[in-house]
Amino acid sequence: MRPEERITESEGPHKQLESLSLKQLLRLINEEDKSVPEAVEKALTQIEALAEVYYQTLAAGRRVFYIGAGTSGRLGIVDASELPPTYGMPHDRVIGLIAGGDGAIRRAVEFAEDDPTQAWRDIQASGGQAGDLIIGIAASGTTPYVVGGLQDARSHGCTTGCITCNPGAPVIAHADYPVVVVTGPEFVTGSTRMKAGTAQKLVLNMLSTTAMIRLGRVKDSLMIDMQPTNTKLQERGTRMIMRLLGAGEKEARQALLRAGSVRAVLENPEQFGLCPP
């Protein structure tokens with residue numbers, strides 16, 4: 001795919017941005033951003049298919065890997081890293097990998113994304129094997145690290161998926177479950193951290209959140225496997241126990257601190273002097 005064929009690299013309708021006022025810039029960015037959820041909605045059937053295999057992979061005890069470069073890689077790492085504290089998932093079940101390694105989270109590593117063989121080595125180093133799900137995240141859909149990674153992963157018996165914003169992108173050919181969210185040209189030409197990045201984040205939210213709910217890590221709308229590792233989260237966990245068991249604030253907090261999680265309190269409320277629901 002040539003650069004001129006990539007929608008994410010094409011010029012949008014807004015010109016001479018440097019001549020616009022702050023108010024005009026903010027309004028135009030906001031107008032562009034409004035189109036992203038609509039683009040995601042058009043891809044819901046594809047998202048559903050990938051979300052199902054995502055859940056089935058975790059339910060079977062396998063791993064999910066996100067691979068990406070730049071913004072796309074960072075978004076995968078953010079999603080993966082938030083699952084252990086908020087849903088109690090083990091750290092090695094959903095793993096985000098970025099071209100250039102962890103150092104690339106903060107600083108770009110030159111040409112790291114251009115190596116088509118590195119992603120599979122990174123996956124193997126993190127324990128990846130046949131039966132795992134590898135999701136390539138690439139706005140352009142042309143990143144060699146991602147395209148090569150999916151190609152290698154598929155050849156080694158992994159299931160593959162992708163999240164891209166360019167229809168017809170090379171990455172789609174190597175994804176068993178492609179998700180294509182067409183967000184169009186960026187407000188600043190080629191700045192895919194904007195609309196494309198927002199779309200990728202929305203899709204990742206949907207994939208991981210629906211999996212956590214279906215795996216039983218949410219009761220009603222509450223994250224009962226959340227790790228109460230700071231004051232805010234201890235207060236949140238206390239409120240969950242108060243709501244679900246009808247306990248007083250003092251009793252709920254004491255039970256949470258003794259048990260270490262809301263789930264542990266809910267499974268054995270009598271052990272903590274509380275009444276079962």
# chains A, B, ... in the order shown; residues from 1 in each chain; ligands from 1
call {"tool": "select_by_dssp", "arguments": {"residues": "range 53-207 of chain A", "states": "strand (DSSP E or B)", "output": "ChimeraX atom specification"}}
result
/A:64-68,94-98,133-137,159-164,177-180
call {"tool": "closest_residue", "arguments": {"among": "A:Val188, A:Leu150, A:Ala259, A:Ala247", "to": "Ala173 in chain A", "atoms": "only C-alpha atoms"}}
result
A:Leu150
call {"tool": "residues_around", "arguments": {"residues": "Gly237 in chain A", "least_positions_apart": "4", "cutoff": "8 Å", "atoms": "only C-alpha atoms", "output": "mmCIF file with C-alpha atoms, in the first residue's frame"}}
result
data_model
loop_
_atom_site.group_PDB
_atom_site.id
_atom_site.type_symbol
_atom_site.label_atom_id
_atom_site.label_comp_id
_atom_site.auth_asym_id
_atom_site.auth_seq_id
_atom_site.Cartn_x
_atom_site.Cartn_y
_atom_site.Cartn_z
ATOM 1 C CA ILE A 224 -15.351 -7.067 42.385
ATOM 2 C CA MET A 226 -10.343 -4.790 41.759
ATOM 3 C CA PRO A 228 -7.577 -2.142 46.721
ATOM 4 C CA LEU A 233 -9.723 2.010 45.676
ATOM 5 C CA ILE A 241 -19.461 -4.310 50.020
ATOM 6 C CA ARG A 253 -13.965 -1.481 55.325
ATOM 7 C CA LEU A 256 -12.147 -5.533 52.824
ATOM 8 C CA SER A 261 -10.550 -8.093 47.801
ATOM 9 C CA VAL A 262 -14.270 -7.551 47.422
#
call {"tool": "residues_around", "arguments": {"residues": "range 95-104 of chain A", "least_positions_apart": "6", "cutoff": "10 Å", "atoms": "only C-alpha atoms", "output": "VMD selection string"}}
result
chain A and resid 63 to 81 83 110 to 115 118 to 119 122 to 123 126 to 128 134 to 137 143 to 146
call {"tool": "write_last_selection", "arguments": {"atoms": "N, CA and C atoms", "output": "short mmCIF file (atom, residue, chain, number, x, y, z; two decimals), in the first residue's frame"}}
result
data_model
loop_
_atom_site.label_atom_id
_atom_site.label_comp_id
_atom_site.auth_asym_id
_atom_site.auth_seq_id
_atom_site.Cartn_x
_atom_site.Cartn_y
_atom_site.Cartn_z
N ARG A 63 -3.28 -16.87 26.38
CA ARG A 63 -2.93 -15.46 26.52
C ARG A 63 -3.39 -14.64 25.33
N VAL A 64 -3.56 -13.34 25.59
CA VAL A 64 -3.82 -12.36 24.54
C VAL A 64 -2.63 -11.41 24.50
N PHE A 65 -2.11 -11.18 23.30
CA PHE A 65 -1.02 -10.23 23.11
C PHE A 65 -1.48 -9.10 22.20
N TYR A 66 -1.12 -7.87 22.57
CA TYR A 66 -1.26 -6.73 21.67
C TYR A 66 0.14 -6.41 21.14
N ILE A 67 0.27 -6.20 19.85
CA ILE A 67 1.55 -5.76 19.30
C ILE A 67 1.32 -4.49 18.49
N GLY A 68 2.21 -3.53 18.64
CA GLY A 68 2.06 -2.27 17.91
C GLY A 68 3.32 -1.44 18.02
N ALA A 69 3.34 -0.34 17.31
CA ALA A 69 4.46 0.60 17.35
C ALA A 69 3.92 2.00 17.63
N GLY A 70 4.72 2.83 18.26
CA GLY A 70 4.31 4.21 18.51
C GLY A 70 3.03 4.29 19.33
N THR A 71 2.13 5.17 18.92
CA THR A 71 0.87 5.35 19.64
C THR A 71 0.11 4.05 19.76
N SER A 72 0.05 3.27 18.69
CA SER A 72 -0.70 2.02 18.71
C SER A 72 -0.14 1.06 19.75
N GLY A 73 1.19 0.97 19.82
CA GLY A 73 1.80 0.10 20.81
C GLY A 73 1.53 0.57 22.22
N ARG A 74 1.59 1.88 22.43
CA ARG A 74 1.34 2.43 23.77
C ARG A 74 -0.09 2.18 24.21
N LEU A 75 -1.03 2.29 23.28
CA LEU A 75 -2.43 2.05 23.63
C LEU A 75 -2.64 0.60 24.06
N GLY A 76 -1.98 -0.34 23.39
CA GLY A 76 -2.10 -1.73 23.79
C GLY A 76 -1.53 -1.96 25.17
N ILE A 77 -0.40 -1.33 25.46
CA ILE A 77 0.22 -1.46 26.78
C ILE A 77 -0.67 -0.87 27.86
N VAL A 78 -1.28 0.27 27.58
CA VAL A 78 -2.19 0.89 28.56
C VAL A 78 -3.35 -0.06 28.87
N ASP A 79 -3.96 -0.61 27.83
CA ASP A 79 -5.10 -1.49 28.06
C ASP A 79 -4.70 -2.72 28.86
N ALA A 80 -3.59 -3.36 28.47
CA ALA A 80 -3.14 -4.57 29.15
C ALA A 80 -2.76 -4.28 30.60
N SER A 81 -2.09 -3.16 30.83
CA SER A 81 -1.59 -2.87 32.17
C SER A 81 -2.69 -2.49 33.15
N LEU A 83 -5.67 -4.02 33.33
CA LEU A 83 -6.53 -5.15 33.68
C LEU A 83 -6.18 -5.79 35.03
N GLU A 110 14.19 4.69 16.97
CA GLU A 110 14.26 4.84 15.51
C GLU A 110 14.28 3.49 14.79
N PHE A 111 13.43 3.37 13.80
CA PHE A 111 13.37 2.22 12.89
C PHE A 111 12.98 0.91 13.56
N ALA A 112 12.61 0.92 14.84
CA ALA A 112 12.24 -0.31 15.51
C ALA A 112 11.02 -0.96 14.86
N GLU A 113 10.12 -0.13 14.37
CA GLU A 113 8.90 -0.68 13.78
C GLU A 113 9.13 -1.27 12.40
N ASP A 114 10.31 -1.10 11.84
CA ASP A 114 10.58 -1.56 10.48
C ASP A 114 11.09 -2.99 10.41
N ASP A 115 11.27 -3.65 11.54
CA ASP A 115 11.76 -5.02 11.57
C ASP A 115 10.58 -5.98 11.60
N GLN A 118 10.83 -8.99 14.50
CA GLN A 118 11.05 -8.76 15.92
C GLN A 118 9.83 -9.07 16.78
N ALA A 119 8.64 -8.82 16.27
CA ALA A 119 7.44 -9.00 17.09
C ALA A 119 7.31 -10.44 17.57
N ASP A 122 9.59 -11.07 20.34
CA ASP A 122 9.09 -10.44 21.57
C ASP A 122 7.97 -11.27 22.18
N ILE A 123 7.10 -11.81 21.33
CA ILE A 123 5.99 -12.64 21.80
C ILE A 123 6.53 -13.90 22.48
N SER A 126 7.91 -13.41 25.86
CA SER A 126 6.88 -13.19 26.87
C SER A 126 6.00 -14.42 27.09
N GLY A 127 6.43 -15.55 26.55
CA GLY A 127 5.73 -16.80 26.80
C GLY A 127 4.66 -17.15 25.79
N GLY A 128 4.59 -16.43 24.68
CA GLY A 128 3.57 -16.71 23.67
C GLY A 128 3.79 -18.06 23.00
N ILE A 134 -3.11 -13.10 19.06
CA ILE A 134 -2.22 -11.96 18.82
C ILE A 134 -3.01 -10.89 18.07
N ILE A 135 -3.13 -9.72 18.66
CA ILE A 135 -3.88 -8.61 18.04
C ILE A 135 -2.89 -7.53 17.63
N GLY A 136 -2.79 -7.30 16.33
CA GLY A 136 -1.93 -6.25 15.81
C GLY A 136 -2.68 -4.93 15.76
N ILE A 137 -2.09 -3.90 16.34
CA ILE A 137 -2.71 -2.57 16.36
C ILE A 137 -1.87 -1.66 15.48
N THR A 143 2.57 -1.25 9.23
CA THR A 143 3.75 -1.32 10.07
C THR A 143 4.41 -2.70 10.00
N PRO A 144 5.64 -2.81 9.54
CA PRO A 144 6.29 -4.13 9.40
C PRO A 144 6.33 -4.93 10.69
N TYR A 145 6.57 -4.28 11.82
CA TYR A 145 6.60 -4.98 13.10
C TYR A 145 5.29 -5.70 13.35
N VAL A 146 4.18 -5.07 12.99
CA VAL A 146 2.86 -5.64 13.23
C VAL A 146 2.49 -6.66 12.14
#
call {"tool": "residues_around", "arguments": {"residues": "Ala130 in chain A", "least_positions_apart": "6", "cutoff": "9 Å", "atoms": "only C-alpha atoms", "output": "list of chain:residue names"}}
result
A:Ala153, A:Arg154, A:His156, A:Gly157, A:Cys158, A:Thr159
call {"tool": "write_last_selection", "arguments": {"atoms": "N, CA and C atoms", "output": "PDB file, in the first residue's frame"}}
result
ATOM      1  N   ALA A 153       3.038 -15.185  13.781  1.00  0.00           N
ATOM      2  CA  ALA A 153       2.183 -15.773  14.817  1.00  0.00           C
ATOM      3  C   ALA A 153       1.218 -16.790  14.216  1.00  0.00           C
ATOM      4  N   ARG A 154       0.645 -16.437  13.103  1.00  0.00           N
ATOM      5  CA  ARG A 154      -0.289 -17.364  12.441  1.00  0.00           C
ATOM      6  C   ARG A 154       0.426 -18.639  12.019  1.00  0.00           C
ATOM      7  N   HIS A 156       2.780 -20.055  13.452  1.00  0.00           N
ATOM      8  CA  HIS A 156       3.106 -20.846  14.639  1.00  0.00           C
ATOM      9  C   HIS A 156       1.853 -21.279  15.404  1.00  0.00           C
ATOM     10  N   GLY A 157       0.692 -21.196  14.784  1.00  0.00           N
ATOM     11  CA  GLY A 157      -0.524 -21.734  15.379  1.00  0.00           C
ATOM     12  C   GLY A 157      -1.305 -20.798  16.267  1.00  0.00           C
ATOM     13  N   CYS A 158      -0.987 -19.523  16.207  1.00  0.00           N
ATOM     14  CA  CYS A 158      -1.746 -18.535  16.981  1.00  0.00           C
ATOM     15  C   CYS A 158      -2.946 -18.043  16.174  1.00  0.00           C
ATOM     16  N   THR A 159      -3.970 -17.605  16.873  1.00  0.00           N
ATOM     17  CA  THR A 159      -5.082 -16.890  16.255  1.00  0.00           C
ATOM     18  C   THR A 159      -4.687 -15.425  16.147  1.00  0.00           C
TER      19      THR A 159
END
call {"tool": "decode", "arguments": {"residues": "range 150-185 of chain A", "atoms": "N, CA and C atoms", "output": "PDB file, in the first residue's frame"}}
result
ATOM      1  N   LEU A 150       2.070 -10.682  12.932  1.00  0.00           N
ATOM      2  CA  LEU A 150       0.863 -11.484  12.714  1.00  0.00           C
ATOM      3  C   LEU A 150       1.141 -12.646  11.776  1.00  0.00           C
ATOM      4  N   GLN A 151       1.919 -12.400  10.754  1.00  0.00           N
ATOM      5  CA  GLN A 151       2.258 -13.460   9.799  1.00  0.00           C
ATOM      6  C   GLN A 151       3.001 -14.597  10.508  1.00  0.00           C
ATOM      7  N   ASP A 152       3.982 -14.248  11.312  1.00  0.00           N
ATOM      8  CA  ASP A 152       4.736 -15.259  12.049  1.00  0.00           C
ATOM      9  C   ASP A 152       3.858 -15.964  13.082  1.00  0.00           C
ATOM     10  N   ALA A 153       3.038 -15.185  13.781  1.00  0.00           N
ATOM     11  CA  ALA A 153       2.183 -15.773  14.817  1.00  0.00           C
ATOM     12  C   ALA A 153       1.218 -16.790  14.216  1.00  0.00           C
ATOM     13  N   ARG A 154       0.645 -16.437  13.103  1.00  0.00           N
ATOM     14  CA  ARG A 154      -0.289 -17.364  12.441  1.00  0.00           C
ATOM     15  C   ARG A 154       0.426 -18.639  12.019  1.00  0.00           C
ATOM     16  N   SER A 155       1.645 -18.521  11.510  1.00  0.00           N
ATOM     17  CA  SER A 155       2.392 -19.700  11.069  1.00  0.00           C
ATOM     18  C   SER A 155       2.783 -20.604  12.234  1.00  0.00           C
ATOM     19  N   HIS A 156       2.780 -20.055  13.452  1.00  0.00           N
ATOM     20  CA  HIS A 156       3.106 -20.846  14.639  1.00  0.00           C
ATOM     21  C   HIS A 156       1.853 -21.279  15.404  1.00  0.00           C
ATOM     22  N   GLY A 157       0.692 -21.196  14.784  1.00  0.00           N
ATOM     23  CA  GLY A 157      -0.524 -21.734  15.379  1.00  0.00           C
ATOM     24  C   GLY A 157      -1.305 -20.798  16.267  1.00  0.00           C
ATOM     25  N   CYS A 158      -0.987 -19.523  16.207  1.00  0.00           N
ATOM     26  CA  CYS A 158      -1.746 -18.535  16.981  1.00  0.00           C
ATOM     27  C   CYS A 158      -2.946 -18.043  16.174  1.00  0.00           C
ATOM     28  N   THR A 159      -3.970 -17.605  16.873  1.00  0.00           N
ATOM     29  CA  THR A 159      -5.082 -16.890  16.255  1.00  0.00           C
ATOM     30  C   THR A 159      -4.687 -15.425  16.147  1.00  0.00           C
ATOM     31  N   THR A 160      -5.093 -14.770  15.077  1.00  0.00           N
ATOM     32  CA  THR A 160      -4.667 -13.385  14.874  1.00  0.00           C
ATOM     33  C   THR A 160      -5.855 -12.452  14.650  1.00  0.00           C
ATOM     34  N   GLY A 161      -5.680 -11.229  15.104  1.00  0.00           N
ATOM     35  CA  GLY A 161      -6.664 -10.172  14.868  1.00  0.00           C
ATOM     36  C   GLY A 161      -5.925  -8.872  14.645  1.00  0.00           C
ATOM     37  N   CYS A 162      -6.636  -7.857  14.204  1.00  0.00           N
ATOM     38  CA  CYS A 162      -5.994  -6.555  14.039  1.00  0.00           C
ATOM     39  C   CYS A 162      -7.011  -5.449  14.240  1.00  0.00           C
ATOM     40  N   ILE A 163      -6.486  -4.272  14.574  1.00  0.00           N
ATOM     41  CA  ILE A 163      -7.283  -3.046  14.647  1.00  0.00           C
ATOM     42  C   ILE A 163      -6.562  -2.027  13.780  1.00  0.00           C
ATOM     43  N   THR A 164      -7.177  -1.652  12.665  1.00  0.00           N
ATOM     44  CA  THR A 164      -6.567  -0.712  11.747  1.00  0.00           C
ATOM     45  C   THR A 164      -7.603   0.292  11.262  1.00  0.00           C
ATOM     46  N   CYS A 165      -7.132   1.355  10.646  1.00  0.00           N
ATOM     47  CA  CYS A 165      -8.037   2.411  10.175  1.00  0.00           C
ATOM     48  C   CYS A 165      -7.953   2.602   8.669  1.00  0.00           C
ATOM     49  N   ASN A 166      -7.284   1.694   7.975  1.00  0.00           N
ATOM     50  CA  ASN A 166      -7.175   1.762   6.521  1.00  0.00           C
ATOM     51  C   ASN A 166      -7.739   0.509   5.875  1.00  0.00           C
ATOM     52  N   PRO A 167      -8.851   0.602   5.160  1.00  0.00           N
ATOM     53  CA  PRO A 167      -9.367  -0.565   4.442  1.00  0.00           C
ATOM     54  C   PRO A 167      -8.369  -1.000   3.375  1.00  0.00           C
ATOM     55  N   GLY A 168      -8.193  -2.319   3.238  1.00  0.00           N
ATOM     56  CA  GLY A 168      -7.246  -2.819   2.254  1.00  0.00           C
ATOM     57  C   GLY A 168      -5.813  -2.831   2.721  1.00  0.00           C
ATOM     58  N   ALA A 169      -5.566  -2.511   3.995  1.00  0.00           N
ATOM     59  CA  ALA A 169      -4.203  -2.475   4.515  1.00  0.00           C
ATOM     60  C   ALA A 169      -3.611  -3.879   4.570  1.00  0.00           C
ATOM     61  N   PRO A 170      -2.294  -4.021   4.400  1.00  0.00           N
ATOM     62  CA  PRO A 170      -1.647  -5.336   4.422  1.00  0.00           C
ATOM     63  C   PRO A 170      -1.908  -6.140   5.685  1.00  0.00           C
ATOM     64  N   VAL A 171      -2.043  -5.474   6.827  1.00  0.00           N
ATOM     65  CA  VAL A 171      -2.234  -6.203   8.082  1.00  0.00           C
ATOM     66  C   VAL A 171      -3.505  -7.042   8.067  1.00  0.00           C
ATOM     67  N   ILE A 172      -4.505  -6.618   7.300  1.00  0.00           N
ATOM     68  CA  ILE A 172      -5.784  -7.329   7.270  1.00  0.00           C
ATOM     69  C   ILE A 172      -5.618  -8.739   6.719  1.00  0.00           C
ATOM     70  N   ALA A 173      -4.729  -8.902   5.755  1.00  0.00           N
ATOM     71  CA  ALA A 173      -4.535 -10.206   5.128  1.00  0.00           C
ATOM     72  C   ALA A 173      -3.975 -11.240   6.093  1.00  0.00           C
ATOM     73  N   HIS A 174      -3.364 -10.790   7.184  1.00  0.00           N
ATOM     74  CA  HIS A 174      -2.758 -11.710   8.146  1.00  0.00           C
ATOM     75  C   HIS A 174      -3.564 -11.806   9.440  1.00  0.00           C
ATOM     76  N   ALA A 175      -4.780 -11.271   9.435  1.00  0.00           N
ATOM     77  CA  ALA A 175      -5.635 -11.285  10.619  1.00  0.00           C
ATOM     78  C   ALA A 175      -6.839 -12.197  10.384  1.00  0.00           C
ATOM     79  N   ASP A 176      -7.011 -13.181  11.256  1.00  0.00           N
ATOM     80  CA  ASP A 176      -8.202 -14.021  11.184  1.00  0.00           C
ATOM     81  C   ASP A 176      -9.450 -13.216  11.526  1.00  0.00           C
ATOM     82  N   TYR A 177      -9.269 -12.233  12.390  1.00  0.00           N
ATOM     83  CA  TYR A 177     -10.396 -11.411  12.844  1.00  0.00           C
ATOM     84  C   TYR A 177     -10.010  -9.930  12.733  1.00  0.00           C
ATOM     85  N   PRO A 178     -10.127  -9.362  11.542  1.00  0.00           N
ATOM     86  CA  PRO A 178      -9.759  -7.950  11.368  1.00  0.00           C
ATOM     87  C   PRO A 178     -10.865  -7.009  11.835  1.00  0.00           C
ATOM     88  N   VAL A 179     -10.458  -5.905  12.409  1.00  0.00           N
ATOM     89  CA  VAL A 179     -11.368  -4.804  12.741  1.00  0.00           C
ATOM     90  C   VAL A 179     -10.856  -3.570  12.006  1.00  0.00           C
ATOM     91  N   VAL A 180     -11.680  -3.036  11.125  1.00  0.00           N
ATOM     92  CA  VAL A 180     -11.291  -1.876  10.319  1.00  0.00           C
ATOM     93  C   VAL A 180     -12.231  -0.721  10.665  1.00  0.00           C
ATOM     94  N   VAL A 181     -11.692   0.288  11.322  1.00  0.00           N
ATOM     95  CA  VAL A 181     -12.467   1.475  11.701  1.00  0.00           C
ATOM     96  C   VAL A 181     -11.966   2.634  10.851  1.00  0.00           C
ATOM     97  N   VAL A 182     -12.754   3.043   9.890  1.00  0.00           N
ATOM     98  CA  VAL A 182     -12.319   4.063   8.932  1.00  0.00           C
ATOM     99  C   VAL A 182     -12.609   5.450   9.509  1.00  0.00           C
ATOM    100  N   THR A 183     -11.581   6.062  10.069  1.00  0.00           N
ATOM    101  CA  THR A 183     -11.742   7.369  10.705  1.00  0.00           C
ATOM    102  C   THR A 183     -11.414   8.526   9.774  1.00  0.00           C
ATOM    103  N   GLY A 184     -10.872   8.235   8.597  1.00  0.00           N
ATOM    104  CA  GLY A 184     -10.606   9.280   7.613  1.00  0.00           C
ATOM    105  C   GLY A 184      -9.338  10.061   7.900  1.00  0.00           C
ATOM    106  N   PRO A 185      -9.116  11.131   7.140  1.00  0.00           N
ATOM    107  CA  PRO A 185      -7.913  11.953   7.325  1.00  0.00           C
ATOM    108  C   PRO A 185      -7.887  12.585   8.711  1.00  0.00           C
TER     109      PRO A 185
END
